[in-house]
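**Student:** Supplied in structure tokens, the structure appears directly below.
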Amino acid sequence: MKRLVLASALATALASAAAAPFTVKVIGFNDFHGNLQSPGTFGINTTIPAAQRPAVGGAEFIAAAVARLKAQNPNHAVVGAGDFIGASPLVSALFFDEPAIEAMNHIGLEFNAVGNHEFDKGSGELRRLQNGGCKLTNGLPDPNSCKGLGSGAPGTFDGARFKWLAANVVETATGRTLLPPYGIKTFNGVKVAFIGMTLKGTPSIVTPTGVAGLVFDDEAATVNALVPKLRAQGIESIVVLVHQGGFQTSPNVGDINGCDGNLATANGPSDIANIVSRLDNAVDLVISGHTHAAYNCSAGTVDVRSAAGVVTRTPRPTGLPNKAGRLVPVTSASAFGRVLTDIDLTIDPATRNVVAVAATNRLVDRTDPVLVQAVETDPTVKRLVDGYAALASPLAGQVIGTIAAPLPNTANAAGEMPAGSLIADAQLQATQPASLGGAVAAFMNPGGVRSPGFTGAAYPYALTYGDAFTTQPFGNSLVTMTLTAQQLKDLLEQQFAGCLGQVGQRILQVSNGVKYTWRASAAPCAKVIDLTLTPTDVTVYPPVSTGVAEEVVRAGVVLNPAKTYRVTVNNFMATGGDGFTVLLGGTGVLGGAQDIDALIAYLSGGYKAPNVPYDPAHASLKRPRIVQVP
């Protein structure tokens, strides 16, 4: 009898324990962009002096940080919110981002939403990266593919062991999603669903050939349609991984655990807030990305350190409101592997519901002694990174030119970037000869001008191929076409939201000889006041004007609408990328060199020692080229 009583008591205790809420640790990050090596220093907020910000990131330290978090709870999942490939540094991009995939396999990534950059090379290439196999060039294995440093054997590429999720990406030919819409992981008998997707606006920011045959559905509508299907499987715990985001708004100090302004914009809710506001009440957590911002809109407090070193602990919002008005936790982990989001989901096994969410953004601090020791103990990922760096170094280290001053990709009030002007000039030089296109002007989309990794170096600075590739990582080709003066005016007007279908402000970077003025207060499609083109030979150093300035637009009026001009853009823009659909009407289209080759030729041809360095302030460059008036 005593044994029966004891057995019954034990059974009751076990049942009670089984019914107790338990936690699942979700480890999230986003926008890795193939940054196998450290992207530099980063602080928990902008009040931290630059000299006190630790070096962060690097695949081997991400691996160590993820392992440390996983060790805290046997119930865990490692997830991403997209853009883990594309626009990558040379150490990954040279090998078709296979190194980034192999690194993520070793790190233990399980589910990853597709981002817009996952489509840079088209859906076929994305499937190859998912499933494995060598990249083919002209029908043969490309020599830079299948190095296999992180795969099963040299000469192979295993593909991603994690699953890319694409809930809102539908193939027009089949009506099915390109990749699985969600992944499921079971903890203590309770299923948790991870829905993954990218922003519906992906076609407007990706080369059209990259998204050919695909439809990108509304994010919130996609999630809401999946909720009944998940519930039919007994799933009540739902996490959304979405490649769309927002920014903390003023006043804020950019604290990685802040949510200042609830991510609102001057014109209303941010993109991510808009999505969340329409989500079914069944969604428990949203892990976001795309904007490269760090924020943590979840319950708790945040420590803000002032410039004087005073720490103030303030409450942070509990989330962003969904369509039922309930506040849903929303997170983002900056970019490039700088930050991981450490999230504890508390689940009630009786209802299978998430009953609490606790999230903290944590720096991947390369000076953390625990992480340093972990990397030394298990150098697997470090060996992978070092191996690919060694393979890329002969090309990456080649000096291609000298620059006299910083060339940031930050724009002035008018929208002009020093790095953008350089790139536009290089593209004009590559296509100015009659046999190569006869271009008189070149235009570069601002989103394609990436941040130079050499900012802050001593000057004059010997620019390397690796530096140039960091600024131009897309591998786009140049396209020269004929536009009328009216089309040229329309192209410049299409830089501004509300004109000819444009959804955002995207100030084009213009080449030497182009000068125009735009009025900020003017209505859409009426902002460009004047435009002049001055014949300029950029194939010589320094560039020289070869004629008088020609007025194309005066007081907002096109003087000779039918007159034609040869202009150069990249193939992304030429096919309507970034909303520049005016270019679809160009005629006499002629393909050209790759953008990176044009940049290298421009610098090495005229600004490589012993020649004088490239100086963005030199009078021959005629900057500023863009003028803004109120």
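Ordered as shown in the structure tokens, chains take letters A, B, and onward, while each chain numbers its residues from 1 and ligands are numbered from 1 in the order shown.
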Can you tell me, as a list in words, what residues are no more than 10 Å from Val510 in chain A when counting only C-alpha atoms, ignoring any on the same chain fewer than 3 positions away?

**Tutor:**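 Once the nearby chain positions are removed, what remains is Glu416, Met417, Gly420, Ser421, Leu422, Ile423, Ala424, Asp425, Leu428, Ala441, Ala442, Phe443, Met444, Asn445, Ile507, Gly513, Val514, Lys515, Tyr516, Arg625 and Ile626 of chain A.
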
**Student:** DSSP on the backbone: what in range 338-403 of chain A comes out strand (DSSP E or B), as a list in words?

**Tutor:** Val339, Leu340, Thr341, Asp342, Ile343, Asp344, Leu345, Thr346, Ile347, Asp348, Asn353, Val354, Val355, Ala356, Val357, Ala358, Ala359, Thr360, Asn361, Arg362, Leu363, Asp365, Val399, Ile400, Gly401, Thr402 and Ile403 of chain A

**Student:** Restricted to C-alpha atoms, what would the selected residues look like written as a PDB file, in the first residue's frame?

**Tutor:**
ATOM      1  CA  VAL A 339      24.572  42.428 -31.615  1.00  0.00           C
ATOM      2  CA  LEU A 340      22.588  39.343 -30.612  1.00  0.00           C
ATOM      3  CA  THR A 341      19.077  39.498 -29.189  1.00  0.00           C
ATOM      4  CA  ASP A 342      18.723  37.237 -26.139  1.00  0.00           C
ATOM      5  CA  ILE A 343      15.025  36.408 -25.709  1.00  0.00           C
ATOM      6  CA  ASP A 344      13.334  34.234 -23.095  1.00  0.00           C
ATOM      7  CA  LEU A 345       9.859  33.035 -24.030  1.00  0.00           C
ATOM      8  CA  THR A 346       7.845  31.658 -21.103  1.00  0.00           C
ATOM      9  CA  ILE A 347       5.321  29.081 -22.292  1.00  0.00           C
ATOM     10  CA  ASP A 348       2.367  27.597 -20.429  1.00  0.00           C
ATOM     11  CA  ASN A 353       0.626  29.958 -25.157  1.00  0.00           C
ATOM     12  CA  VAL A 354       3.543  32.321 -24.626  1.00  0.00           C
ATOM     13  CA  VAL A 355       2.775  34.048 -21.331  1.00  0.00           C
ATOM     14  CA  ALA A 356       5.852  36.271 -21.028  1.00  0.00           C
ATOM     15  CA  VAL A 357       8.670  37.623 -23.205  1.00  0.00           C
ATOM     16  CA  ALA A 358      11.950  39.036 -21.868  1.00  0.00           C
ATOM     17  CA  ALA A 359      14.392  40.379 -24.473  1.00  0.00           C
ATOM     18  CA  THR A 360      17.845  41.939 -24.183  1.00  0.00           C
ATOM     19  CA  ASN A 361      20.136  43.100 -26.975  1.00  0.00           C
ATOM     20  CA  ARG A 362      23.737  42.148 -26.169  1.00  0.00           C
ATOM     21  CA  LEU A 363      26.933  43.271 -27.874  1.00  0.00           C
ATOM     22  CA  ASP A 365      32.067  41.970 -27.545  1.00  0.00           C
ATOM     23  CA  VAL A 399      46.633  48.970 -53.989  1.00  0.00           C
ATOM     24  CA  ILE A 400      44.518  50.577 -56.711  1.00  0.00           C
ATOM     25  CA  GLY A 401      44.903  54.273 -55.919  1.00  0.00           C
ATOM     26  CA  THR A 402      45.471  56.957 -53.327  1.00  0.00           C
ATOM     27  CA  ILE A 403      42.908  59.298 -51.794  1.00  0.00           C
TER      28      ILE A 403
END

**Student:** Just the residues within 12 Å of Val569 in chain A, please, counting only C-alpha atoms, with nothing from its chain fewer than 4 positions along; format it as a ChimeraX atom specification.

**Tutor:** /A:423-428,430-431,437,439-446,448,476-483,491,508-511,573-577,580,583-584,586,589-595

**Student:** For the residues in that selection, give me C-alpha atoms as an mmCIF file, in the first residue's frame.

**Tutor:**
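After the write, result_27.cif holds the following:
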data_model
loop_
_atom_site.group_PDB
_atom_site.id
_atom_site.type_symbol
_atom_site.label_atom_id
_atom_site.label_comp_id
_atom_site.auth_asym_id
_atom_site.auth_seq_id
_atom_site.Cartn_x
_atom_site.Cartn_y
_atom_site.Cartn_z
ATOM 1 C CA ILE A 423 31.625 56.238 -58.261
ATOM 2 C CA ALA A 424 29.581 58.269 -60.747
ATOM 3 C CA ASP A 425 32.780 59.729 -62.242
ATOM 4 C CA ALA A 426 34.296 56.262 -62.574
ATOM 5 C CA GLN A 427 31.210 55.027 -64.387
ATOM 6 C CA LEU A 428 31.234 58.006 -66.724
ATOM 7 C CA ALA A 430 34.245 53.801 -68.348
ATOM 8 C CA THR A 431 31.504 54.683 -70.826
ATOM 9 C CA GLY A 437 28.737 54.153 -75.059
ATOM 10 C CA ALA A 439 27.995 58.860 -72.299
ATOM 11 C CA VAL A 440 27.827 62.498 -71.250
ATOM 12 C CA ALA A 441 26.582 61.810 -67.709
ATOM 13 C CA ALA A 442 26.333 58.985 -65.180
ATOM 14 C CA PHE A 443 23.905 58.449 -62.311
ATOM 15 C CA MET A 444 24.400 56.176 -59.307
ATOM 16 C CA ASN A 445 21.663 55.015 -56.916
ATOM 17 C CA PRO A 446 22.501 56.061 -53.335
ATOM 18 C CA GLY A 448 24.377 51.106 -53.890
ATOM 19 C CA ASN A 476 26.456 45.283 -61.182
ATOM 20 C CA SER A 477 27.293 45.987 -64.795
ATOM 21 C CA LEU A 478 27.142 49.395 -66.473
ATOM 22 C CA VAL A 479 24.431 50.229 -68.976
ATOM 23 C CA THR A 480 24.499 53.227 -71.310
ATOM 24 C CA MET A 481 21.277 54.410 -72.945
ATOM 25 C CA THR A 482 19.742 57.377 -74.714
ATOM 26 C CA LEU A 483 17.302 59.581 -72.814
ATOM 27 C CA LEU A 491 14.436 60.819 -63.867
ATOM 28 C CA LEU A 508 21.026 60.017 -57.285
ATOM 29 C CA GLN A 509 24.753 60.587 -57.257
ATOM 30 C CA VAL A 510 25.785 62.462 -60.394
ATOM 31 C CA SER A 511 28.962 62.642 -62.431
ATOM 32 C CA MET A 573 18.710 50.969 -62.153
ATOM 33 C CA ALA A 574 18.397 50.278 -65.876
ATOM 34 C CA THR A 575 15.776 47.629 -65.190
ATOM 35 C CA GLY A 576 13.728 49.875 -62.915
ATOM 36 C CA GLY A 577 15.464 49.196 -59.609
ATOM 37 C CA PHE A 580 13.489 54.495 -61.360
ATOM 38 C CA LEU A 583 14.929 54.367 -67.320
ATOM 39 C CA LEU A 584 12.808 51.584 -68.782
ATOM 40 C CA GLY A 586 15.723 54.442 -72.549
ATOM 41 C CA VAL A 589 20.918 50.337 -74.672
ATOM 42 C CA LEU A 590 24.528 49.157 -74.519
ATOM 43 C CA GLY A 591 26.042 47.000 -71.792
ATOM 44 C CA GLY A 592 29.408 47.755 -70.238
ATOM 45 C CA ALA A 593 31.964 46.788 -67.620
ATOM 46 C CA GLN A 594 31.268 45.820 -64.026
ATOM 47 C CA ASP A 595 30.951 48.715 -61.597
#

**Student:** With only C-alpha atoms as the counted atoms, please give the residues lying no more than 12 Å from Arg231 in chain A, apart from itself and same-chain residues fewer than 6 positions off, as a PyMOL selection string.

**Tutor:** chain A and resi 191-193+224-225+237-238+282-283+351-353

**Student:** Using only C-alpha atoms, find the one residue out of A:Cys134, A:Leu603, A:Ala59, A:Ile85 that sits nearest to Val538 in chain A.

**Tutor:**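 With only C-alpha atoms as the atom set, the closest residue is A:Leu603.
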
**Student:** Let me make sure I understand: among A:Pro542, A:Leu492, A:Asp83, A:Leu136, which one has the smallest atom-to-atom distance to Asn611 in chain A if we use only C-alpha atoms?

**Tutor:**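 Of all the options, A:Pro542 lies closest to Asn611 in chain A.
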
**Student:** If we count only C-alpha atoms and set the cut-off at 8 Å, which residues sit around Cys525 in chain A, ignoring sequence neighbours fewer than 5 positions away in its own chain? Please answer as a list in words.

**Tutor:**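 With the cut-off at 8 Å, the set is Asp490, Glu493, Gln494, Phe496, Gly498, Cys499 and Leu500 of chain A.
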
**Student:** When you look at Cys146 in chain A with a cut-off of 6 Å (counting only C-alpha atoms), what residues show up, excluding the ones that are within fewer than 6 positions of it in the same chain? I need them as a list in words.

**Tutor:**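 Listed by chain and then number, they are Cys134, Gly155, Thr156 and Phe157 of chain A.
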
**Student:** With distances taken over only C-alpha atoms, which of A:Gly556, A:Pro433, A:Gly547, A:Gly210 is nearest to Ala523 in chain A?

**Tutor:**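 Among the listed residues, A:Gly556 lies closest to Ala523 in chain A.
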